[in-house]
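> Here you go, this is start-v8.pdb (PDB, C-alpha atoms, pLDDT in the B column).
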```pdb
MODEL        1
ATOM      1  CA  MET J   1      78.824 129.903  66.379  1.00 66.00           C
ATOM      2  CA  ASN J   2      79.175 130.370  70.157  1.00 81.00           C
ATOM      3  CA  LYS J   3      76.815 127.464  70.832  1.00 85.00           C
ATOM      4  CA  ARG J   4      78.978 125.200  68.653  1.00 88.00           C
ATOM      5  CA  ILE J   5      82.157 126.162  70.528  1.00 87.00           C
ATOM      6  CA  LEU J   6      80.436 125.707  73.889  1.00 87.00           C
ATOM      7  CA  SER J   7      79.083 122.295  72.815  1.00 88.00           C
ATOM      8  CA  SER J   8      82.513 121.208  71.600  1.00 88.00           C
ATOM      9  CA  CYS J   9      84.142 122.241  74.876  1.00 89.00           C
ATOM     10  CA  LEU J  10      81.461 120.443  76.877  1.00 90.00           C
ATOM     11  CA  VAL J  11      81.859 117.240  74.849  1.00 89.00           C
ATOM     12  CA  GLY J  12      85.645 117.444  75.260  1.00 88.00           C
ATOM     13  CA  MET J  13      85.384 117.852  79.034  1.00 90.00           C
ATOM     14  CA  VAL J  14      82.979 114.911  79.308  1.00 89.00           C
ATOM     15  CA  MET J  15      85.351 112.731  77.262  1.00 86.00           C
ATOM     16  CA  ILE J  16      88.346 113.688  79.432  1.00 82.00           C
ATOM     17  CA  ALA J  17      86.360 113.010  82.629  1.00 81.00           C
ATOM     18  CA  GLY J  18      85.226 109.621  81.276  1.00 79.00           C
ATOM     19  CA  LEU J  19      88.785 108.713  80.322  1.00 73.00           C
ATOM     20  CA  TYR J  20      89.981 109.591  83.815  1.00 72.00           C
ATOM     21  CA  ILE J  21      87.210 107.580  85.488  1.00 74.00           C
ATOM     22  CA  PHE J  22      87.755 104.430  83.437  1.00 74.00           C
ATOM     23  CA  MET J  23      91.538 104.593  83.103  1.00 74.00           C
ATOM     24  CA  ARG J  24      92.559 106.153  86.414  1.00 75.00           C
ATOM     25  CA  GLU J  25      95.102 103.500  87.398  1.00 78.00           C
ATOM     26  CA  PRO J  26      97.216 103.725  84.198  1.00 76.00           C
ATOM     27  CA  LEU J  27      97.003 107.530  84.278  1.00 75.00           C
ATOM     28  CA  ASP J  28      98.186 107.616  87.920  1.00 79.00           C
ATOM     29  CA  ARG J  29     101.025 105.225  87.096  1.00 79.00           C
ATOM     30  CA  PHE J  30     102.615 107.599  84.580  1.00 81.00           C
ATOM     31  CA  ASN J  31     101.584 110.939  86.119  1.00 84.00           C
ATOM     32  CA  PRO J  32     104.787 112.753  87.183  1.00 85.00           C
ATOM     33  CA  LEU J  33     102.822 114.958  89.607  1.00 88.00           C
ATOM     34  CA  ILE J  34     101.770 112.035  91.843  1.00 88.00           C
ATOM     35  CA  LYS J  35     104.391 110.838  94.319  1.00 90.00           C
ATOM     36  CA  GLU J  36     104.911 107.232  95.365  1.00 92.00           C
ATOM     37  CA  GLU J  37     104.146 106.376  98.983  1.00 94.00           C
ATOM     38  CA  TYR J  38     103.911 103.311 101.176  1.00 95.00           C
ATOM     39  CA  VAL J  39     100.572 102.210 102.600  1.00 95.00           C
ATOM     40  CA  TYR J  40     100.642  99.765 105.518  1.00 96.00           C
ATOM     41  CA  VAL J  41      97.840  97.207 105.627  1.00 95.00           C
ATOM     42  CA  GLN J  42      96.732  94.396 107.905  1.00 95.00           C
ATOM     43  CA  VAL J  43      94.902  91.834 105.760  1.00 96.00           C
ATOM     44  CA  GLN J  44      91.283  91.563 106.889  1.00 94.00           C
ATOM     45  CA  ALA J  45      89.193  91.076 103.752  1.00 88.00           C
ATOM     46  CA  GLU J  46      88.786  87.961 101.657  1.00 93.00           C
ATOM     47  CA  PRO J  47      90.523  88.262  98.283  1.00 94.00           C
ATOM     48  CA  GLU J  48      88.768  88.347  94.922  1.00 93.00           C
ATOM     49  CA  ASP J  49      89.798  86.065  92.048  1.00 92.00           C
ATOM     50  CA  ASP J  50      91.927  88.020  89.567  1.00 86.00           C
ATOM     51  CA  ASP J  51      92.762  85.540  86.761  1.00 88.00           C
ATOM     52  CA  GLY J  52      94.722  83.172  88.993  1.00 90.00           C
ATOM     53  CA  ARG J  53      95.913  85.908  91.353  1.00 94.00           C
ATOM     54  CA  TYR J  54      94.372  87.196  94.576  1.00 95.00           C
ATOM     55  CA  LYS J  55      93.124  90.802  94.571  1.00 94.00           C
ATOM     56  CA  TYR J  56      92.796  92.535  97.920  1.00 95.00           C
ATOM     57  CA  ARG J  57      90.853  95.747  98.611  1.00 94.00           C
ATOM     58  CA  GLU J  58      91.914  97.046 102.006  1.00 94.00           C
ATOM     59  CA  GLN J  59      91.987 100.175 104.116  1.00 94.00           C
ATOM     60  CA  GLY J  60      95.542 101.048 105.091  1.00 93.00           C
ATOM     61  CA  VAL J  61      97.535 103.816 106.718  1.00 94.00           C
ATOM     62  CA  THR J  62     100.410 105.915 105.345  1.00 93.00           C
ATOM     63  CA  GLU J  63     103.585 106.763 107.265  1.00 90.00           C
ATOM     64  CA  THR J  64     101.977 110.083 108.244  1.00 90.00           C
ATOM     65  CA  GLY J  65      98.933 108.354 109.726  1.00 89.00           C
ATOM     66  CA  GLU J  66      96.518 109.168 106.891  1.00 92.00           C
ATOM     67  CA  THR J  67      94.056 106.373 106.039  1.00 93.00           C
ATOM     68  CA  LYS J  68      93.930 105.319 102.408  1.00 92.00           C
ATOM     69  CA  LYS J  69      92.103 102.678 100.394  1.00 92.00           C
ATOM     70  CA  VAL J  70      94.485 100.420  98.496  1.00 93.00           C
ATOM     71  CA  VAL J  71      93.989  97.641  95.925  1.00 92.00           C
ATOM     72  CA  TYR J  72      96.800  95.150  95.286  1.00 93.00           C
ATOM     73  CA  SER J  73      97.140  91.617  93.989  1.00 92.00           C
ATOM     74  CA  THR J  74      99.333  88.723  95.048  1.00 93.00           C
ATOM     75  CA  SER J  75     100.255  85.374  93.576  1.00 92.00           C
ATOM     76  CA  THR J  76      99.575  83.583  96.881  1.00 92.00           C
ATOM     77  CA  ARG J  77      96.656  83.823  99.281  1.00 94.00           C
ATOM     78  CA  LEU J  78      97.546  85.800 102.409  1.00 94.00           C
ATOM     79  CA  ASP J  79      96.336  84.798 105.860  1.00 93.00           C
ATOM     80  CA  GLN J  80      94.090  87.220 107.702  1.00 93.00           C
ATOM     81  CA  GLY J  81      96.143  89.375 110.055  1.00 94.00           C
ATOM     82  CA  THR J  82      99.197  89.416 107.755  1.00 95.00           C
ATOM     83  CA  PHE J  83     100.949  92.792 107.631  1.00 96.00           C
ATOM     84  CA  VAL J  84     101.733  94.178 104.180  1.00 96.00           C
ATOM     85  CA  LYS J  85     103.634  97.265 102.990  1.00 96.00           C
ATOM     86  CA  VAL J  86     102.236  98.360  99.597  1.00 96.00           C
ATOM     87  CA  LEU J  87     104.034 100.853  97.342  1.00 95.00           C
ATOM     88  CA  THR J  88     101.356 103.007  95.692  1.00 94.00           C
ATOM     89  CA  LYS J  89     101.193 105.906  93.273  1.00 92.00           C
ATOM     90  CA  GLY J  90      97.674 107.287  93.343  1.00 87.00           C
ATOM     91  CA  THR J  91      95.409 104.302  92.655  1.00 85.00           C
ATOM     92  CA  TYR J  92      98.245 102.273  91.097  1.00 88.00           C
ATOM     93  CA  SER J  93      99.914  99.652  93.317  1.00 91.00           C
ATOM     94  CA  ALA J  94     103.477  99.083  92.173  1.00 88.00           C
ATOM     95  CA  ASP J  95     104.793  96.539  94.678  1.00 92.00           C
ATOM     96  CA  TYR J  96     104.122  94.926  98.036  1.00 94.00           C
ATOM     97  CA  LYS J  97     106.214  93.379 100.796  1.00 95.00           C
ATOM     98  CA  LEU J  98     105.223  91.243 103.778  1.00 95.00           C
ATOM     99  CA  ILE J  99     106.352  92.868 107.014  1.00 95.00           C
ATOM    100  CA  LYS J 100     106.240  92.281 110.767  1.00 94.00           C
ATOM    101  CA  GLU J 101     103.886  94.088 113.122  1.00 92.00           C
ATOM    102  CA  ASP J 102     106.688  96.202 114.607  1.00 91.00           C
ATOM    103  CA  GLU J 103     107.356  97.692 111.144  1.00 90.00           C
ATOM    104  CA  MET J 104     103.874  99.241 111.041  1.00 89.00           C
ATOM    105  CA  PRO J 105     103.773 103.039 111.551  1.00 85.00           C
ATOM    106  CA  THR J 106     103.020 104.138 115.096  1.00 76.00           C
ATOM    107  CA  LYS J 107     100.696 107.008 114.138  1.00 62.00           C
TER
ENDMDL
END
```
Can you give me the file's structure in the form of structure tokens?


Amino acid sequence: MNKRILSSCLVGMVMIAGLYIFMREPLDRFNPLIKEEYVYVQVQAEPEDDDGRYKYREQGVTETGETKKVVYSTSTRLDQGTFVKVLTKGTYSADYKLIKEDEMPTK
């Protein structure tokens, strides 16, 4: 009996972990415990094709100076060196805005 309960708990934990790994972005989007924050990025990488959009994977910095990896997509190709302010919530990118260099955080 105890082995059956232990096996069931183990299978349940593996399923929850797999769900989180493969569906992290949608889970972050609706998680009330994760706060939205802006990540500031200078475009350096070449974009990937994302069904007619351009997907960028960049390293950015938050307003507090913490570095953070961010993934966002745009409808137009951005020039290298362009400054972008991306609104994120965990791994979910909600919005982006092109900004000027002087709007980047100083930290």

> Can you pull out every residue within 12 Å of Pro26 (chain J), counting all atoms listed in the file, but drop anything in the same chain fewer than 4 positions away, and send it as a ChimeraX atom specification?

/J:19-22,30-31,89-94

> Residues of the last selection are to be written out with C-alpha atoms, as a PDB file, in the coordinates of the input.


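Resulting contents of out_23.pdb:
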```
ATOM      1  CA  LEU J  19      88.785 108.713  80.322  1.00 73.00           C
ATOM      2  CA  TYR J  20      89.981 109.591  83.815  1.00 72.00           C
ATOM      3  CA  ILE J  21      87.210 107.580  85.488  1.00 74.00           C
ATOM      4  CA  PHE J  22      87.755 104.430  83.437  1.00 74.00           C
ATOM      5  CA  PHE J  30     102.615 107.599  84.580  1.00 81.00           C
ATOM      6  CA  ASN J  31     101.584 110.939  86.119  1.00 84.00           C
ATOM      7  CA  LYS J  89     101.193 105.906  93.273  1.00 92.00           C
ATOM      8  CA  GLY J  90      97.674 107.287  93.343  1.00 87.00           C
ATOM      9  CA  THR J  91      95.409 104.302  92.655  1.00 85.00           C
ATOM     10  CA  TYR J  92      98.245 102.273  91.097  1.00 88.00           C
ATOM     11  CA  SER J  93      99.914  99.652  93.317  1.00 91.00           C
ATOM     12  CA  ALA J  94     103.477  99.083  92.173  1.00 88.00           C
TER      13      ALA J  94
END
```

> Check the smallest atom-to-atom distance from each of J:Glu103, J:Tyr54, J:Leu6, J:Gly12 to Ser73 (chain J) using only C-alpha atoms, then report the winner.

J:Tyr54

> In Å, how far is it from CA of Asp95 (chain J) to CA of Gln80 (chain J)?

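Distance reported for this atom pair: 19.3 Å.
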
> Each side padded by 3 Å, which centre and which edge lengths in Å (one decimal) define the axis-aligned box around the listed atoms of region 67-83 of chain J? Give them as lines of an AutoDock Vina configuration file.


```
center_x = 96.5
center_y = 95.0
center_z = 101.8
size_x = 14.8
size_y = 28.8
size_z = 22.5
```

> Could you tell me how far CA of Tyr96 (chain J) lies from CA of Leu78 (chain J), in Å and to one decimal?

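A separation of 12.1 Å between them.
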
> For each of J:Val41, J:Ser7, J:Thr62, J:Leu27, take the minimum atom-to-atom distance to Lys100 (chain J), counting only C-alpha atoms, then give the residue where this is smallest.

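With only C-alpha atoms as the atom set, the closest residue is J:Val41.
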
> At what distance in Å, to one decimal, does CA of Ile99 (chain J) lie from CA of Val84 (chain J)?

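Answer for the CA of Val84 (chain J) to CA of Ile99 (chain J) separation: 5.6 Å.
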
> My list of candidates is J:Gly81, J:Val39, J:Asp51, J:Val86. Which is closest to Pro105 (chain J) when distances are computed with all atoms listed in the file?

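Between J:Gly81, J:Val39, J:Asp51, J:Val86, the residue approaching Pro105 (chain J) most closely is J:Val39.
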
> Need the shell around Glu58 (chain J): protein/DNA/RNA residues with any atom at most 7 Å away, counting all atoms listed in the file. Skip same-chain ones fewer than 4 positions apart. Format as a short mmCIF file (atom, residue, chain, number, x, y, z; two decimals) with C-alpha atoms, in the coordinates of the input?


```cif
data_model
loop_
_atom_site.label_atom_id
_atom_site.label_comp_id
_atom_site.auth_asym_id
_atom_site.auth_seq_id
_atom_site.Cartn_x
_atom_site.Cartn_y
_atom_site.Cartn_z
CA VAL J 41 97.84 97.21 105.63
CA ALA J 45 89.19 91.08 103.75
CA LYS J 69 92.10 102.68 100.39
CA VAL J 70 94.48 100.42 98.50
CA VAL J 71 93.99 97.64 95.92
#
```

> I'd like the contact shell of Thr106 (chain J) - 12 Å cut-off, only C-alpha atoms, skipping same-chain residues fewer than 6 positions apart - returned as an NGL selection string.

:J and (40 or 61-66)

> Counting all atoms listed in the file, what is within 6 Å of Thr82 (chain J), bar same-chain residues fewer than 3 positions away, as a CSV table (one decimal) with C-alpha atoms, in the coordinates of the input?


```csv
chain,number,residue,atom,x,y,z
J,42,GLN,CA,96.7,94.4,107.9
J,43,VAL,CA,94.9,91.8,105.8
J,79,ASP,CA,96.3,84.8,105.9
```

> I'd like to know which of J:Leu87, J:Lys97, J:Gly60, J:Met104 is closest to Thr74 (chain J), using only C-alpha atoms.

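Ranking J:Leu87, J:Lys97, J:Gly60, J:Met104 by distance to Thr74 (chain J), first place goes to J:Lys97.
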
> Using only C-alpha atoms for the distances, tell me which of J:Met23, J:Ile34, J:Val11, J:Ile16 is nearest to Thr88 (chain J).

J:Ile34

> In terms of the shortest atom-to-atom distance over all atoms listed in the file, which of J:Arg53, J:Thr67, J:Lys3, J:Lys85 is closest to Leu98 (chain J)?

J:Lys85

> Mind filling out region 28-39 of chain J with all heavy atoms and sending it as a JSON list (two decimals), in the frame of the given file?


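selection.json, written as the output of this step:
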```
[["chain", "number", "residue", "atom", "x", "y", "z"],
["J", 28, "ASP", "N", 97.43, 107.37, 86.69],
["J", 28, "ASP", "CA", 98.19, 107.62, 87.92],
["J", 28, "ASP", "C", 99.60, 107.04, 87.83],
["J", 28, "ASP", "O", 100.55, 107.64, 88.32],
["J", 28, "ASP", "CB", 97.47, 107.01, 89.13],
["J", 28, "ASP", "CG", 96.28, 107.83, 89.58],
["J", 28, "ASP", "OD1", 96.05, 108.91, 89.02],
["J", 28, "ASP", "OD2", 95.57, 107.36, 90.49],
["J", 29, "ARG", "N", 99.73, 105.90, 87.20],
["J", 29, "ARG", "CA", 101.02, 105.22, 87.10],
["J", 29, "ARG", "C", 102.06, 106.10, 86.40],
["J", 29, "ARG", "O", 103.23, 106.15, 86.80],
["J", 29, "ARG", "CB", 100.86, 103.91, 86.33],
["J", 29, "ARG", "CG", 102.13, 103.14, 86.17],
["J", 29, "ARG", "CD", 101.88, 101.86, 85.43],
["J", 29, "ARG", "NE", 103.08, 101.07, 85.38],
["J", 29, "ARG", "CZ", 103.16, 99.90, 84.79],
["J", 29, "ARG", "NH1", 102.11, 99.37, 84.22],
["J", 29, "ARG", "NH2", 104.29, 99.24, 84.78],
["J", 30, "PHE", "N", 101.67, 106.82, 85.36],
["J", 30, "PHE", "CA", 102.62, 107.60, 84.58],
["J", 30, "PHE", "C", 102.54, 109.10, 84.85],
["J", 30, "PHE", "O", 103.24, 109.87, 84.20],
["J", 30, "PHE", "CB", 102.40, 107.32, 83.09],
["J", 30, "PHE", "CG", 102.66, 105.88, 82.74],
["J", 30, "PHE", "CD1", 101.61, 105.05, 82.39],
["J", 30, "PHE", "CD2", 103.93, 105.36, 82.79],
["J", 30, "PHE", "CE1", 101.85, 103.72, 82.08],
["J", 30, "PHE", "CE2", 104.18, 104.04, 82.48],
["J", 30, "PHE", "CZ", 103.13, 103.21, 82.12],
["J", 31, "ASN", "N", 101.72, 109.52, 85.80],
["J", 31, "ASN", "CA", 101.58, 110.94, 86.12],
["J", 31, "ASN", "C", 102.79, 111.39, 86.96],
["J", 31, "ASN", "O", 102.98, 110.94, 88.08],
["J", 31, "ASN", "CB", 100.28, 111.17, 86.89],
["J", 31, "ASN", "CG", 100.00, 112.62, 87.13],
["J", 31, "ASN", "OD1", 100.86, 113.48, 87.02],
["J", 31, "ASN", "ND2", 98.75, 112.91, 87.48],
["J", 32, "PRO", "N", 103.60, 112.30, 86.43],
["J", 32, "PRO", "CA", 104.79, 112.75, 87.18],
["J", 32, "PRO", "C", 104.44, 113.63, 88.39],
["J", 32, "PRO", "O", 105.31, 113.88, 89.23],
["J", 32, "PRO", "CB", 105.59, 113.54, 86.15],
["J", 32, "PRO", "CG", 104.57, 114.02, 85.17],
["J", 32, "PRO", "CD", 103.51, 112.95, 85.13],
["J", 33, "LEU", "N", 103.22, 114.10, 88.49],
["J", 33, "LEU", "CA", 102.82, 114.96, 89.61],
["J", 33, "LEU", "C", 102.41, 114.18, 90.85],
["J", 33, "LEU", "O", 102.30, 114.75, 91.94],
["J", 33, "LEU", "CB", 101.67, 115.88, 89.18],
["J", 33, "LEU", "CG", 101.98, 116.78, 87.97],
["J", 33, "LEU", "CD1", 100.73, 117.56, 87.58],
["J", 33, "LEU", "CD2", 103.13, 117.70, 88.26],
["J", 34, "ILE", "N", 102.17, 112.87, 90.71],
["J", 34, "ILE", "CA", 101.77, 112.04, 91.84],
["J", 34, "ILE", "C", 103.01, 111.34, 92.39],
["J", 34, "ILE", "O", 103.76, 110.70, 91.65],
["J", 34, "ILE", "CB", 100.71, 110.99, 91.43],
["J", 34, "ILE", "CG1", 99.45, 111.70, 90.95],
["J", 34, "ILE", "CG2", 100.39, 110.07, 92.59],
["J", 34, "ILE", "CD1", 98.38, 110.77, 90.43],
["J", 35, "LYS", "N", 103.22, 111.45, 93.68],
["J", 35, "LYS", "CA", 104.39, 110.84, 94.32],
["J", 35, "LYS", "C", 104.06, 109.43, 94.82],
["J", 35, "LYS", "O", 102.93, 109.15, 95.22],
["J", 35, "LYS", "CB", 104.86, 111.69, 95.50],
["J", 35, "LYS", "CG", 105.37, 113.04, 95.07],
["J", 35, "LYS", "CD", 105.89, 113.81, 96.23],
["J", 35, "LYS", "CE", 106.40, 115.16, 95.75],
["J", 35, "LYS", "NZ", 106.95, 115.95, 96.83],
["J", 36, "GLU", "N", 105.07, 108.58, 94.80],
["J", 36, "GLU", "CA", 104.91, 107.23, 95.36],
["J", 36, "GLU", "C", 104.92, 107.33, 96.89],
["J", 36, "GLU", "O", 105.60, 108.19, 97.45],
["J", 36, "GLU", "CB", 106.06, 106.32, 94.92],
["J", 36, "GLU", "CG", 106.02, 105.94, 93.48],
["J", 36, "GLU", "CD", 107.13, 104.98, 93.11],
["J", 36, "GLU", "OE1", 108.19, 104.98, 93.76],
["J", 36, "GLU", "OE2", 106.93, 104.23, 92.16],
["J", 37, "GLU", "N", 104.15, 106.44, 97.53],
["J", 37, "GLU", "CA", 104.15, 106.38, 98.98],
["J", 37, "GLU", "C", 103.81, 104.95, 99.42],
["J", 37, "GLU", "O", 103.23, 104.18, 98.66],
["J", 37, "GLU", "CB", 103.16, 107.37, 99.59],
["J", 37, "GLU", "CG", 101.70, 107.06, 99.30],
["J", 37, "GLU", "CD", 100.76, 108.06, 99.94],
["J", 37, "GLU", "OE1", 101.11, 108.69, 100.95],
["J", 37, "GLU", "OE2", 99.65, 108.21, 99.42],
["J", 38, "TYR", "N", 104.22, 104.62, 100.62],
["J", 38, "TYR", "CA", 103.91, 103.31, 101.18],
["J", 38, "TYR", "C", 102.62, 103.39, 101.98],
["J", 38, "TYR", "O", 102.40, 104.35, 102.71],
["J", 38, "TYR", "CB", 105.04, 102.82, 102.08],
["J", 38, "TYR", "CG", 106.25, 102.37, 101.30],
["J", 38, "TYR", "CD1", 107.38, 103.16, 101.21],
["J", 38, "TYR", "CD2", 106.23, 101.14, 100.63],
["J", 38, "TYR", "CE1", 108.49, 102.74, 100.50],
["J", 38, "TYR", "CE2", 107.33, 100.72, 99.91],
["J", 38, "TYR", "CZ", 108.45, 101.52, 99.84],
["J", 38, "TYR", "OH", 109.54, 101.11, 99.12],
["J", 39, "VAL", "N", 101.79, 102.36, 101.82],
["J", 39, "VAL", "CA", 100.57, 102.21, 102.60],
["J", 39, "VAL", "C", 100.71, 100.89, 103.36],
["J", 39, "VAL", "O", 101.01, 99.86, 102.76],
["J", 39, "VAL", "CB", 99.31, 102.21, 101.71],
["J", 39, "VAL", "CG1", 98.07, 102.01, 102.55],
["J", 39, "VAL", "CG2", 99.22, 103.49, 100.91]]
```
